[in-house]
Structures are given as C-alpha cells and as structure tokens.
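Q: Take a look at entry01.txt, compact mmCIF, C-alpha atoms:
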# COMPACT_ATOMS: atom_id res chain seq x y z
CA MET A 748 0.72 40.15 -7.54
CA LYS A 749 -1.49 39.43 -4.54
CA ARG A 750 -3.18 36.64 -6.49
CA LEU A 751 0.07 34.72 -7.01
CA PRO A 752 0.15 32.82 -3.68
CA LEU A 753 -3.44 31.68 -4.21
CA LEU A 754 -2.65 30.58 -7.76
CA LEU A 755 0.39 28.65 -6.60
CA ALA A 756 -1.65 26.95 -3.90
CA LEU A 757 -4.22 25.91 -6.48
CA VAL A 758 -1.54 24.45 -8.72
CA VAL A 759 -0.16 22.42 -5.80
CA LEU A 760 -3.62 21.13 -4.95
CA LEU A 761 -4.40 20.11 -8.49
CA SER A 762 -1.07 18.36 -8.99
CA SER A 763 -0.90 16.58 -5.63
CA GLY A 764 -1.20 12.83 -5.80
CA CYS A 765 -1.81 12.73 -9.53
CA GLY A 766 -0.07 12.07 -12.81
CA LYS A 767 -0.08 14.29 -15.86
CA HIS A 768 -3.77 15.15 -15.55
CA ALA A 769 -5.64 16.55 -12.57
CA ASP A 770 -8.16 13.70 -12.50
CA GLU A 771 -5.44 11.05 -12.17
CA LEU A 772 -4.70 9.50 -8.79
CA LYS A 773 -1.40 7.91 -7.76
CA ILE A 774 -1.50 5.02 -5.28
CA ILE A 775 1.57 3.22 -3.88
CA SER A 776 1.88 -0.11 -2.07
CA PHE A 777 5.08 -0.64 -0.11
CA ASN A 778 6.37 -3.31 2.25
CA ILE A 779 8.54 -1.01 4.33
CA ARG A 780 10.35 -3.84 6.19
CA TYR A 781 10.01 -3.73 9.97
CA ASN A 782 12.58 -2.10 12.22
CA SER A 783 14.14 -5.05 14.03
CA TRP A 784 15.20 -4.50 17.65
CA ASN A 785 18.59 -6.16 17.04
CA ASN A 786 19.17 -4.63 13.57
CA ILE A 787 19.31 -7.96 11.77
CA ASP A 788 19.45 -6.07 8.47
CA GLY A 789 22.78 -4.40 9.31
CA GLU A 790 23.58 -1.66 6.80
CA ASN A 791 20.08 -2.07 5.37
CA GLY A 792 18.41 -1.46 8.71
CA TRP A 793 15.70 1.14 9.23
CA PRO A 794 18.04 3.81 10.69
CA TYR A 795 19.95 3.83 7.39
CA ARG A 796 16.84 3.71 5.16
CA LYS A 797 14.32 5.97 6.84
CA ASN A 798 15.37 9.25 5.24
CA ALA A 799 15.31 7.61 1.81
CA VAL A 800 11.78 6.31 2.45
CA VAL A 801 10.61 9.85 3.20
CA ARG A 802 12.40 11.06 0.09
CA MET A 803 10.60 8.46 -2.02
CA ILE A 804 7.20 9.53 -0.71
CA ASN A 805 7.94 13.22 -1.18
CA GLU A 806 9.25 12.68 -4.71
CA GLU A 807 6.39 10.44 -5.82
CA ARG A 808 3.69 12.37 -3.92
CA PRO A 809 1.00 9.69 -3.95
CA ALA A 810 -2.57 10.48 -3.04
CA ALA A 811 -2.41 7.38 -0.84
CA ILE A 812 0.24 4.87 0.15
CA GLY A 813 -0.40 1.52 1.79
CA LEU A 814 2.42 0.22 3.96
CA GLN A 815 3.04 -3.32 5.15
CA GLU A 816 5.20 -4.44 8.12
CA ALA A 817 5.46 -0.96 9.65
CA LEU A 818 5.97 -0.81 13.42
CA ILE A 819 4.76 2.06 15.57
CA ASP A 820 8.20 3.70 15.91
CA GLN A 821 8.54 3.80 12.14
CA LEU A 822 5.08 5.26 11.77
CA LEU A 823 5.70 7.95 14.36
CA TYR A 824 8.81 8.96 12.43
CA LEU A 825 6.84 9.12 9.17
CA ASP A 826 4.09 11.08 10.91
CA SER A 827 6.65 13.72 11.87
CA CYS A 828 8.06 13.94 8.34
CA LEU A 829 4.82 13.88 6.33
CA PRO A 830 2.54 16.64 7.69
CA GLN A 831 0.37 16.63 4.56
CA TYR A 832 -0.59 13.00 5.17
CA ARG A 833 -2.87 11.40 7.72
CA ARG A 834 -2.48 7.82 8.91
CA ILE A 835 -5.09 5.05 9.19
CA GLY A 836 -4.64 1.57 10.66
CA VAL A 837 -3.92 -0.38 13.84
CA GLY A 838 -1.35 -2.90 15.02
CA ARG A 839 -2.17 -6.43 14.04
CA ASP A 840 -1.32 -8.00 17.41
CA ASP A 841 -3.78 -6.12 19.62
CA GLY A 842 -5.82 -3.76 17.43
CA LYS A 843 -3.95 -0.82 18.95
CA GLU A 844 -0.21 -0.27 18.59
CA GLY A 845 1.15 -3.79 18.99
CA GLY A 846 2.87 -5.50 16.08
CA GLU A 847 2.97 -4.63 12.42
CA PHE A 848 0.54 -2.17 10.84
CA MET A 849 -1.02 -2.33 7.39
CA ALA A 850 -1.10 1.46 7.54
CA ILE A 851 -2.57 3.74 4.91
CA TYR A 852 -1.34 7.31 4.60
CA TYR A 853 -3.45 9.67 2.53
CA ASP A 854 -2.94 13.21 1.29
CA THR A 855 -5.55 15.31 3.07
CA THR A 856 -5.43 17.97 0.34
CA ARG A 857 -6.56 15.41 -2.23
CA LEU A 858 -8.65 12.74 -0.48
CA THR A 859 -11.36 12.63 2.16
CA ALA A 860 -11.63 9.44 4.22
CA HIS A 861 -15.15 8.37 5.19
CA ARG A 862 -15.41 4.79 6.44
CA VAL A 863 -12.24 3.20 7.81
CA GLY A 864 -11.59 -0.16 9.43
CA THR A 865 -9.25 -3.06 10.05
CA SER A 866 -10.18 -6.70 9.88
CA TRP A 867 -8.14 -9.82 10.57
CA LEU A 868 -7.57 -12.45 7.92
CA SER A 869 -8.93 -15.28 10.03
CA GLU A 870 -12.09 -17.11 10.98
CA THR A 871 -12.85 -14.25 13.40
CA PRO A 872 -12.08 -11.13 11.33
CA MET A 873 -13.44 -8.59 13.81
CA GLU A 874 -10.95 -9.40 16.58
CA PRO A 875 -7.17 -9.82 16.75
CA SER A 876 -6.63 -13.40 15.65
CA LYS A 877 -4.49 -15.74 13.57
CA GLY A 878 -6.19 -17.58 10.74
CA TRP A 879 -5.97 -21.16 9.50
CA ASP A 880 -2.33 -22.29 9.10
CA ALA A 881 -0.86 -18.77 9.15
CA ALA A 882 2.43 -18.14 10.93
CA CYS A 883 1.43 -14.58 11.89
CA TYR A 884 -1.54 -12.38 12.56
CA ARG A 885 -2.57 -10.81 9.25
CA THR A 886 -4.88 -7.88 8.60
CA VAL A 887 -6.41 -5.72 5.91
CA THR A 888 -6.93 -1.98 6.38
CA SER A 889 -9.88 -0.60 4.41
CA VAL A 890 -10.88 2.97 3.60
CA PHE A 891 -13.67 4.53 1.58
CA PHE A 892 -12.17 7.63 -0.03
CA THR A 893 -13.58 10.53 -2.01
CA ASP A 894 -11.34 12.40 -4.43
CA LYS A 895 -11.71 16.14 -3.83
CA ILE A 896 -10.99 16.97 -7.48
CA SER A 897 -13.22 14.55 -9.37
CA GLY A 898 -15.78 13.97 -6.63
CA GLN A 899 -15.53 10.23 -7.29
CA SER A 900 -15.35 7.72 -4.43
CA PHE A 901 -13.57 4.38 -4.16
CA TYR A 902 -12.53 1.67 -1.72
CA TYR A 903 -8.86 1.04 -0.97
CA HIS A 904 -7.81 -2.17 0.78
CA ASN A 905 -4.21 -2.60 1.95
CA THR A 906 -3.08 -6.06 3.05
CA HIS A 907 -0.24 -8.53 3.64
CA LEU A 908 -0.88 -12.24 3.15
CA ASP A 909 0.91 -14.84 5.22
CA HIS A 910 4.33 -16.04 4.09
CA MET A 911 3.96 -19.61 5.36
CA GLY A 912 0.33 -20.70 5.43
CA THR A 913 -0.92 -21.90 2.03
CA VAL A 914 -4.44 -22.41 3.34
CA ALA A 915 -4.29 -19.01 5.00
CA ARG A 916 -3.37 -17.27 1.75
CA ALA A 917 -6.20 -18.98 -0.11
CA GLU A 918 -8.79 -18.24 2.58
CA SER A 919 -7.53 -14.68 2.94
CA ALA A 920 -8.03 -14.12 -0.78
CA LYS A 921 -11.62 -15.32 -0.40
CA TYR A 922 -12.17 -12.85 2.44
CA LEU A 923 -10.70 -10.01 0.38
CA ALA A 924 -13.02 -11.02 -2.46
CA SER A 925 -15.97 -10.71 -0.07
CA LEU A 926 -14.97 -7.12 0.69
CA THR A 927 -15.14 -6.38 -3.02
CA SER A 928 -18.57 -7.98 -3.25
CA GLU A 929 -19.75 -5.58 -0.51
CA ALA A 930 -18.49 -2.48 -2.35
CA GLU A 931 -21.99 -1.54 -3.57
CA GLY A 932 -20.85 -0.74 -7.11
CA SER A 933 -18.00 1.58 -6.12
CA PRO A 934 -14.54 1.20 -7.68
CA VAL A 935 -12.13 -0.97 -5.67
CA ILE A 936 -8.35 -0.95 -5.31
CA LEU A 937 -6.68 -3.83 -3.48
CA GLY A 938 -2.92 -3.73 -2.99
CA GLY A 939 -0.23 -5.29 -0.88
CA ASP A 940 2.43 -7.90 -0.36
CA MET A 941 0.62 -11.06 -1.36
CA ASN A 942 3.55 -13.46 -0.82
CA SER A 943 2.41 -15.16 -4.03
CA THR A 944 3.28 -14.83 -7.69
CA ILE A 945 0.47 -13.78 -9.98
CA ASP A 946 -0.04 -17.30 -11.37
CA ASP A 947 -1.06 -18.63 -7.96
CA THR A 948 -4.56 -20.13 -7.96
CA ILE A 949 -5.52 -18.18 -4.83
CA PHE A 950 -6.22 -15.15 -7.01
CA ARG A 951 -9.12 -16.89 -8.75
CA ALA A 952 -11.29 -15.73 -5.84
CA LEU A 953 -10.44 -12.13 -6.73
CA TYR A 954 -11.03 -12.60 -10.44
CA ASN A 955 -14.41 -14.19 -9.68
CA VAL A 956 -15.68 -10.90 -8.19
CA GLY A 957 -14.42 -8.75 -11.05
CA LEU A 958 -11.01 -7.69 -9.77
CA GLN A 959 -8.23 -7.56 -12.36
CA ASP A 960 -4.46 -7.59 -12.18
CA ALA A 961 -3.52 -3.92 -12.64
CA ARG A 962 -0.29 -4.80 -14.46
CA THR A 963 -2.29 -6.20 -17.36
CA LEU A 964 -4.54 -3.16 -17.82
CA THR A 965 -2.02 -0.71 -19.23
CA ASP A 966 0.72 -0.72 -21.85
CA SER A 967 2.81 1.41 -19.49
CA THR A 968 3.58 -1.39 -17.06
CA SER A 969 6.33 -3.19 -15.18
CA ASN A 970 7.01 -6.84 -14.43
CA ALA A 971 10.22 -6.12 -12.54
CA ILE A 972 10.86 -7.97 -9.29
CA THR A 973 9.27 -6.47 -6.20
CA TYR A 974 10.94 -8.59 -3.52
CA ASN A 975 14.64 -7.79 -3.84
CA ALA A 976 16.07 -9.42 -0.66
CA TYR A 977 18.51 -6.49 -0.47
CA GLY A 978 20.22 -8.01 -3.49
CA LYS A 979 21.31 -11.08 -1.50
CA ALA A 980 19.04 -13.60 -3.23
CA GLU A 981 17.03 -14.04 -6.38
CA GLY A 982 14.07 -11.67 -6.44
CA SER A 983 10.42 -12.34 -7.19
CA VAL A 984 7.20 -10.54 -8.09
CA ILE A 985 4.93 -10.93 -5.07
CA ASP A 986 3.52 -7.41 -4.57
CA HIS A 987 0.39 -6.68 -6.55
CA PHE A 988 -2.47 -4.30 -7.23
CA PHE A 989 -5.91 -5.55 -8.21
CA VAL A 990 -8.62 -3.15 -9.33
CA LYS A 991 -12.29 -3.12 -10.28
CA ASP A 992 -14.04 -0.40 -12.31
CA VAL A 993 -10.82 1.60 -12.48
CA GLU A 994 -8.85 2.82 -15.50
CA VAL A 995 -5.15 2.08 -14.99
CA VAL A 996 -2.98 4.69 -16.70
CA SER A 997 0.37 3.24 -15.61
CA PHE A 998 1.99 0.65 -13.37
CA ARG A 999 5.53 1.18 -12.06
CA THR A 1000 7.99 -0.69 -9.88
CA LEU A 1001 9.85 2.02 -7.96
CA ASN A 1002 13.35 0.57 -8.07
CA GLY A 1003 15.16 3.86 -8.66
CA ASP A 1004 17.69 5.68 -6.51
CA TYR A 1005 16.29 7.48 -3.46
CA GLY A 1006 19.63 7.88 -1.74
CA VAL A 1007 20.45 4.35 -0.54
CA PRO A 1008 20.86 1.07 -2.44
CA TYR A 1009 17.60 -0.34 -1.04
CA ILE A 1010 14.82 1.49 0.80
CA SER A 1011 13.45 -1.93 1.86
CA ASP A 1012 13.75 -5.58 0.93
CA HIS A 1013 10.74 -4.85 -1.31
CA TYR A 1014 10.43 -2.22 -4.00
CA PRO A 1015 7.28 -0.09 -3.84
CA ILE A 1016 4.75 -0.53 -6.63
CA GLU A 1017 2.72 2.36 -7.98
CA ILE A 1018 -0.41 2.74 -10.08
CA VAL A 1019 -1.77 5.90 -11.65
CA ILE A 1020 -5.52 5.59 -12.16
CA ARG A 1021 -8.64 7.37 -13.30
CA LEU A 1022 -11.95 6.66 -11.64
If you convert what's in this file into structure tokens, what do you get?

A:
Amino acid sequence: MKRLPLLLALVVLLSSGCGKHADELKIISFNIRYNSWNNIDGENGWPYRKNAVVRMINEERPAAIGLQEALIDQLLYLDSCLPQYRRIGVGRDDGKEGGEFMAIYYDTTRLTAHRVGTSWLSETPMEPSKGWDAACYRTVTSVFFTDKISGQSFYYHNTHLDHMGTVARAESAKYLASLTSEAEGSPVILGGDMNSTIDDTIFRALYNVGLQDARTLTDSTSNAITYNAYGKAEGSVIDHFFVKDVEVVSFRTLNGDYGVPYISDHYPIEIVIRL
C-alpha cells in the first residue's frame, strides 16, 4: 500500500499536458481578452469570466498555453490559481508590467524552459516599440522547451499581430519566419491571434521557411470560428497554429461550456502533437 501514492504521482506526471499517449503534448493558444478598467464588456467582463478561464485550463491541462491580451492583474489572478504552471513574458508597453502580455504558462511537471525572450514586432525588435503602420505595440514571446517525458526539445512562439496595420502584419510575419530560420533544426510551434484569415498572403513568409498550417495536418481538425465577438457579430477564423517538424495528432477549437457563455471574445485553439 505504501507504493500507491508514488504510483498515483507517476500517473499524474505521465498524463499531464498530453493526449491519449504519454509522448503527446497539448498546446493551447488563447486570446483572453483584456480586463478593461471601465468594464466595456458588461456581463462578459473579466470578473464574470475569470473562474471559467481557470476551469478551462484545469480541464484541458495543456503542457503550455500562450495567452494574448492579458494584463498584469489577470495574470496575477491566474498565477494564484495555477500553482503547477510557471509564467513567461513581459508587458508590451515597457518590457516590464505595462500593457498587454503575450504570456506563456507551462506545466513545470512536464516541460523545462531553457531560453526565453520577448521581441517587438517592429524595426527595433529588441526594445519596446511600435512597428510600421501598427496601431499598437506588438510582441512575440519565445521559449525553448524540453519535454521531460520524451527528452525532445522545441521552440514555442506566442504572438498577436496588429489588428489595423496591413504592412505591420506582413512585416511581422517575415520577422516570425526569421525566428523559425534560426531554430537550428529544432521543431517549431508558432501560435496566436493573427488577425488574419488563413488565405491572407502574409503567411507565405511562414510557408517559405517550412511552417505549415496545423489545421491541415490532421484529419481530427476544426475550422470553427475562433473570434466569436461574444455572439454579437459574425465570427471569423483568425487564430492559428503553424508548426515545423511536428506531428499534429489533433486540432480543436475549444468552444464548449466552461461555466459561462463565453470565456473570451475568442475561443481557445488547441493542438495535440508528437515531436
């Protein structure tokens, strides 16, 4: 009987952040929708959604989740609710805690983070800056992870392209492609709110360096809308995962019930992969 707690702990470790098999990894990308100071979202505001967001993460149990639009107060709340996860990323306005974060949370029982960094999608990527015709500061958070079960390593880039600047989206895609070119043969996962449908020509830069649209790499896939506008407008598919040298087992749009009608104005997207 004394071996039972150890056995249970091993089962939890092997199942954390994975699908049906121990070598599978689950990654989620989620535009969490910022917490507005004047609650412009009314009944869909962060105070009414936050418990459901935690429920989603605890039910899905990803090895890593990349968030877009998160403000520091939202992150501090998630920190307090998700002790198994560690957070990476900085605020886009000042490189500290100002403005929205492209934060990455990772399960410390499943992944080890080695190299981490944030760069700005601009002509001066190493300092807080706005690029080209963008309306906002935009960043990408990058991590080099090692999976503790398989021993395999991979890069994960989490980003949010500008919603107004067409030149900025195109140039940002080129910058993201350059990060893939520097990956030194390691698998790459790029996810986020791209503010573009998949037929946009900006993604040619990604395809040119070997990235592929994850939705197209598995029969178990979803083309459901990702931007839902809280049901107040027609939705669209603008959140994407791109991968290189990765086997995609499944792609899901997480539009189920986590306790409120909408956990954000975007649905999370999820891939299960093998390295």

Q: Under the rule that all atoms listed in the file are counted, which of A:Val914, A:Met849, A:Ile985, A:Ala860 is the nearest residue to A:Thr888?

A: A:Met849

Q: How close does stretch 803-901 of chain A get to stretch 992-1016 of chain A? List, as a tab-separated table, each residue of stretch 803-901 of chain A within 12 Å, its nearest atom pair and the distance in Å to one decimal, counting all atoms listed in the file.

A:
residue	atom	partner	partner_atom	distance
A:Met803	CA	A:Tyr1005	CA	6.0
A:Ile804	CA	A:Tyr1005	CA	9.7
A:Asn805	CA	A:Tyr1005	CA	10.4
A:Glu806	CA	A:Tyr1005	CA	8.8
A:Glu807	CA	A:Leu1001	CA	9.4
A:Pro809	CA	A:Ile1016	CA	11.2
A:Ile812	CA	A:Pro1015	CA	9.5
A:Gly813	CA	A:Pro1015	CA	9.7
A:Leu814	CA	A:Pro1015	CA	9.2
A:Gln815	CA	A:His1013	CA	10.2
A:Glu816	CA	A:Ser1011	CA	10.7
A:Ala817	CA	A:Ser1011	CA	11.2
A:Gln899	CA	A:Val993	CA	11.1
A:Ser900	CA	A:Val993	CA	11.1
A:Phe901	CA	A:Val993	CA	9.2

Q: Which residue, A:Ala930, A:Ala850, A:Ala980, A:Leu823, has the smallest gap to A:Ile835 when you use all atoms listed in the file?

A: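 Of A:Ala930, A:Ala850, A:Ala980, A:Leu823, the one nearest A:Ile835 is A:Ala850, counting all atoms listed in the file.
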
Q: Let me know the centre plus edge lengths, in Å and rounded to one decimal, of a box with edges along x, y and z that contains all listed atoms of stretch 923-936 of chain A and is padded by 8 Å on every side, as lines of an AutoDock Vina configuration file.

A:
center_x = -15.2
center_y = -4.7
center_z = -3.5
size_x = 29.6
size_y = 28.6
size_z = 24.4

Q: My list of candidates is A:Ile774, A:Thr913, A:Leu926, A:Ser869. Which is closest to A:Tyr853 when distances are computed with all atoms listed in the file?

A: A:Ile774

Q: Counting only C-alpha atoms, what is within 10 Å of A:Leu908, bar same-chain residues fewer than 2 positions away, as a short mmCIF file (atom, residue, chain, number, x, y, z; two decimals) with C-alpha atoms, in the coordinates of the input?

A:
data_model
loop_
_atom_site.label_atom_id
_atom_site.label_comp_id
_atom_site.auth_asym_id
_atom_site.auth_seq_id
_atom_site.Cartn_x
_atom_site.Cartn_y
_atom_site.Cartn_z
CA GLN A 815 3.04 -3.32 5.15
CA LEU A 868 -7.57 -12.45 7.92
CA ALA A 881 -0.86 -18.77 9.15
CA CYS A 883 1.43 -14.58 11.89
CA TYR A 884 -1.54 -12.38 12.56
CA ARG A 885 -2.57 -10.81 9.25
CA THR A 886 -4.88 -7.88 8.60
CA VAL A 887 -6.41 -5.72 5.91
CA THR A 906 -3.08 -6.06 3.05
CA HIS A 910 4.33 -16.04 4.09
CA MET A 911 3.96 -19.61 5.36
CA GLY A 912 0.33 -20.70 5.43
CA THR A 913 -0.92 -21.90 2.03
CA ALA A 915 -4.29 -19.01 5.00
CA ARG A 916 -3.37 -17.27 1.75
CA ALA A 917 -6.20 -18.98 -0.11
CA GLU A 918 -8.79 -18.24 2.58
CA SER A 919 -7.53 -14.68 2.94
CA ALA A 920 -8.03 -14.12 -0.78
CA GLY A 939 -0.23 -5.29 -0.88
CA ASP A 940 2.43 -7.90 -0.36
CA MET A 941 0.62 -11.06 -1.36
CA ASN A 942 3.55 -13.46 -0.82
CA SER A 943 2.41 -15.16 -4.03
#

Q: Which of these, A:Ser876, A:Thr856, A:Thr965, A:Thr865, has the shortest distance to A:Val890 once you count only C-alpha atoms?

A: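 Once distances to A:Val890 are computed over only C-alpha atoms, the minimum belongs to A:Thr865.
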
Q: Identify which of the residues A:Val800, A:Ser925, A:Asp946, A:Val1019 lies closest to A:Thr968, counting all atoms listed in the file when measuring atom-to-atom distances.

A: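 Among the listed residues, the smallest separation from A:Thr968 belongs to A:Val1019.
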
Q: If you measure from atom CA of A:Glu847 to atom CA of A:Leu818, what distance in Å do you get, rounded to one decimal?

A: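 Straight-line distance from atom CA of A:Glu847 to atom CA of A:Leu818 works out to 5.0 Å.
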